[in-house]
Amino acid sequence: MPSVLWFRRDLRCSDNPALLAAVKSSHASGDARVVPLYVIDPKLWESSGEARRSYLVSSLQNLDAALDGHLYVRFGDPTTVVPEVAHHIGAVSVHIAADYGPYGTRRDAHVEAALLSMAQPTPLVRTGSPYAVAPGRVSKEDGSPYRVYTPFYKAWLRHGWRPPAAEPDDVEWFTPADGDGYPEVAAISASLPQCGEAAALERWRTFRVEHLSTYSDNRNRPDLPATSRLSAALKWGEVHPRTLLADLDDSPGAEVFRRELAWREFYADVLHHAPASAKEPLDSKWQRFPWNSGPTADAAFEAWASGKTGYPIVDAGMRQLLAEGWMHNRVRMIVASFLIKDLHLDWRRGAAWFMRHLIDGDLASNQQGWQWVAGSGTDAAPYYRIFNPVTQGRRFDPDGEYVRRYVPELRSIGNADVHEPWLLTTPPTSYPAPIVDHAVERLDALARYDVVKGAAE
DNA sequence: TTTTGAGTTGTTCGA
DNA sequence: GTCGAACAACTCAAA
């Protein structure tokens, strides 16, 4: 009997333990066939923006090609589609890499129950996860989860992880019927990075050779090509973090990069232990924080989202997000701080916008990252740490190249003055004046903090 | 057992 | 111009 390999966020063939398990399972039942299935979930599809949709479809097409055109793509609720496929082919088992997010955990439990209640009960087999160390495996002496990054990191290193999984033997990919094909995706204005497993591995190779040695110095520079650009590949599982970790030595750049991978694992662990933190402040006393709302707040959000706040580094970041579905991490912090501390808008509005548009949007990293900036999360930034968009722009985009790349109205300003266009004797008329005064809003943000400061639960 | 000190990502102000 | 202090409260592990 054939087995089913249900791909979700593991769109690759190498270093894929679930694939090995699927092959083994079909072989054990005297068959060699594996059905590679991807189910496009309408719930996730409809909440995705064009860049995110395009990336997924392109990545699926890439995987399809790697499977000699055998990827079986279906559109619908996995709770019904997966059992239907399993029943149709008489599957011996359905194989997945475990999902640790709130939605994925629930979905997989429902699919598992449906599979087991079929006339021919079929097991849902979880092998591996999208992490080097599965969420929940690293904990303190008393078994409770870590709330601070550095102790987590040390424990995570001590825990260790397996080497990359072996390549599968010959797999007989099998497509049982015509799939639903790929949904239509609208063309987006800018091109996406090359998707797929091969491109991810090549990008990793190039990054290691050309940029890893300067990574610790340059990773905060949005104007330079100093980062790995592997976030989307990690989100969709085109590459497994274990594959990357296996290539890292003890050089300073490698150490800093390993810590970045560990942040992803830390946040997955936090969300796993506190699933409600995807929607609510992790620290409940932040429930009563006085965020702005109403028409004025909506207009401010609109200005932020469309990149028209009048603060160049903020607008450059928000426009990069819309154009490419990606934003440099340093700039993510700057725009998040601006939404929260300067516009006094609820972090959840910003987090939702990011999730909709980021090709690498990962619920755990995204929500916990926003909460970190807001101050309500784990290991949170102190309330008084309020980014000054001009200072940050001058420090991390020292020549203004990043701003000019994404804000064409400012291209005539040839140097770092681009970060404060309002100071010019003749500011560009096509670019908006700042919608708020940062110095004023900073004091407002500090005053609002008194509501939660020192407050008991 | 209790104490102590360190903890991704900052800014401003006054000496 | 540079530099140190101040800006909370809490987690965690080493002393």
# chains A, B, ... in the order shown; residues from 1 in each chain; ligands from 1
>>> interface_residues(of="chain A", to="chain C", cutoff="7 Å", atoms="only C-alpha atoms (C1' of nucleotides)", output="list in words")
Arg147, Val148, Pro151 and Tyr384 of chain A
>>> interface_residues(of="chain B", to="chain A", cutoff="12 Å", atoms="only C-alpha atoms (C1' of nucleotides)", output="list of chain:residue names")
B:DA6, B:DG7, B:DT8, B:DT9, B:DG10, B:DT11, B:DT12
>>> write_last_selection(atoms="N, CA and C atoms (P, O5', C5', C4', C3', O3' and C1' of nucleotides)", output="short mmCIF file (atom, residue, chain, number, x, y, z; two decimals), in the first residue's frame")
data_model
loop_
_atom_site.label_atom_id
_atom_site.label_comp_id
_atom_site.auth_asym_id
_atom_site.auth_seq_id
_atom_site.Cartn_x
_atom_site.Cartn_y
_atom_site.Cartn_z
P DA B 6 27.25 41.98 36.14
"O5'" DA B 6 26.85 41.21 34.82
"C5'" DA B 6 26.86 39.78 34.81
"C4'" DA B 6 25.73 39.31 33.92
"C3'" DA B 6 25.44 40.23 32.74
"O3'" DA B 6 25.29 39.42 31.60
"C1'" DA B 6 23.46 39.85 33.99
P DG B 7 25.18 40.10 30.18
"O5'" DG B 7 23.66 39.81 29.83
"C5'" DG B 7 23.16 38.48 29.91
"C4'" DG B 7 21.67 38.54 29.73
"C3'" DG B 7 21.22 39.49 28.61
"O3'" DG B 7 20.12 38.90 27.95
"C1'" DG B 7 20.14 40.05 30.58
P DT B 8 20.33 38.21 26.58
"O5'" DT B 8 20.02 39.54 25.75
"C5'" DT B 8 19.80 39.43 24.43
"C4'" DT B 8 20.50 40.57 23.71
"C3'" DT B 8 19.72 41.88 23.74
"O3'" DT B 8 20.64 42.97 23.82
"C1'" DT B 8 19.93 41.11 21.53
P DT B 9 20.04 44.40 24.17
"O5'" DT B 9 19.75 45.00 22.73
"C5'" DT B 9 20.82 45.52 21.97
"C4'" DT B 9 20.30 45.85 20.59
"C3'" DT B 9 19.21 46.95 20.55
"O3'" DT B 9 19.61 47.93 19.61
"C1'" DT B 9 18.61 45.12 19.24
P DG B 10 20.14 49.36 20.19
"O5'" DG B 10 18.96 49.78 21.18
"C5'" DG B 10 17.66 50.08 20.72
"C4'" DG B 10 17.26 51.47 21.17
"C3'" DG B 10 18.17 52.59 20.69
"O3'" DG B 10 17.35 53.63 20.18
"C1'" DG B 10 17.97 52.67 23.05
P DT B 11 17.93 54.96 19.57
"O5'" DT B 11 17.67 55.98 20.75
"C5'" DT B 11 16.34 56.07 21.25
"C4'" DT B 11 16.29 57.11 22.32
"C3'" DT B 11 16.98 58.43 21.97
"O3'" DT B 11 16.02 59.45 22.12
"C1'" DT B 11 17.70 57.63 24.10
P DT B 12 16.35 60.97 21.76
"O5'" DT B 12 16.58 61.57 23.21
"C5'" DT B 12 15.64 61.25 24.22
"C4'" DT B 12 16.14 61.78 25.54
"C3'" DT B 12 16.75 63.18 25.48
"O3'" DT B 12 16.14 63.93 26.51
"C1'" DT B 12 18.25 61.69 26.54
#
>>> select_by_dssp(residues="stretch 88-160 of chain A", states="strand (DSSP E)", output="PDB file with C-alpha atoms, in the first residue's frame")
ATOM      1  CA  VAL A  94      -0.059   9.533   6.428  1.00  0.00           C
ATOM      2  CA  HIS A  95       3.236  11.225   7.305  1.00  0.00           C
ATOM      3  CA  ILE A  96       3.882  14.736   8.499  1.00  0.00           C
ATOM      4  CA  LEU A 124      -1.081  10.020  11.178  1.00  0.00           C
ATOM      5  CA  VAL A 125       2.639   9.686  11.837  1.00  0.00           C
ATOM      6  CA  ARG A 126       4.589  12.710  13.082  1.00  0.00           C
TER       7      ARG A 126
END
>>> select_by_dssp(residues="stretch 108-321 of chain A", states="helix (DSSP H, G or I)", output="number ranges by chain")
A: 108-116, 149-159, 197-210, 212-218, 231-235, 241-245, 252-273, 275-278, 284-288, 295-306, 312-321
>>> atom_distance(atom1="atom CA of A:Asp99", atom2="atom CA of A:Pro130")
7.6 Å
>>> atom_distance(atom1="atom CA of A:Phe75", atom2="atom CA of A:Glu46")
11.9 Å
>>> atom_distance(atom1="atom CA of A:Ser293", atom2="atom CA of A:Trp353")
16.3 Å
>>> residues_around(residues="A:Ile435", least_positions_apart="6", cutoff="9 Å", atoms="only C-alpha atoms (C1' of nucleotides)", output="tab-separated table (two decimals) with N, CA and C atoms, in the first residue's frame")
chain	number	residue	atom	x	y	z
A	300	ALA	N	-3.92	56.96	11.03
A	300	ALA	CA	-2.50	56.80	11.35
A	300	ALA	C	-2.02	55.42	10.89
A	303	ALA	N	-1.50	55.43	7.18
A	303	ALA	CA	-0.26	56.12	6.79
A	303	ALA	C	0.95	55.21	7.03
A	308	LYS	N	3.64	56.25	4.42
A	308	LYS	CA	3.49	57.71	4.25
A	308	LYS	C	3.45	58.42	5.60
A	309	THR	N	4.37	58.04	6.48
A	309	THR	CA	4.39	58.67	7.80
A	309	THR	C	5.21	59.95	7.81
A	310	GLY	N	6.02	60.16	6.78
A	310	GLY	CA	6.92	61.32	6.77
A	310	GLY	C	8.25	61.05	7.46
A	311	TYR	N	8.41	59.85	8.04
A	311	TYR	CA	9.71	59.43	8.60
A	311	TYR	C	10.34	58.46	7.60
>>> closest_residue(among="A:Leu157, A:Ala351, A:Ala166, A:Ala97", to="A:Glu255", atoms="only C-alpha atoms")
A:Leu157
>>> residues_around(residues="A:Leu201", least_positions_apart="6", cutoff="10 Å", atoms="only C-alpha atoms (C1' of nucleotides)", output="list in words")
Phe207, Leu230, Ala233, Glu238, Val239, Thr243 and Leu244 of chain A
>>> write_last_selection(atoms="C-alpha atoms", output="CSV table (one decimal), in the first residue's frame")
chain,number,residue,atom,x,y,z
A,207,PHE,CA,26.0,33.7,2.1
A,230,LEU,CA,16.8,32.6,4.2
A,233,ALA,CA,13.0,29.3,3.0
A,238,GLU,CA,12.7,24.7,1.8
A,239,VAL,CA,15.6,24.3,4.1
A,243,THR,CA,21.0,21.7,7.7
A,244,LEU,CA,22.3,25.2,8.4
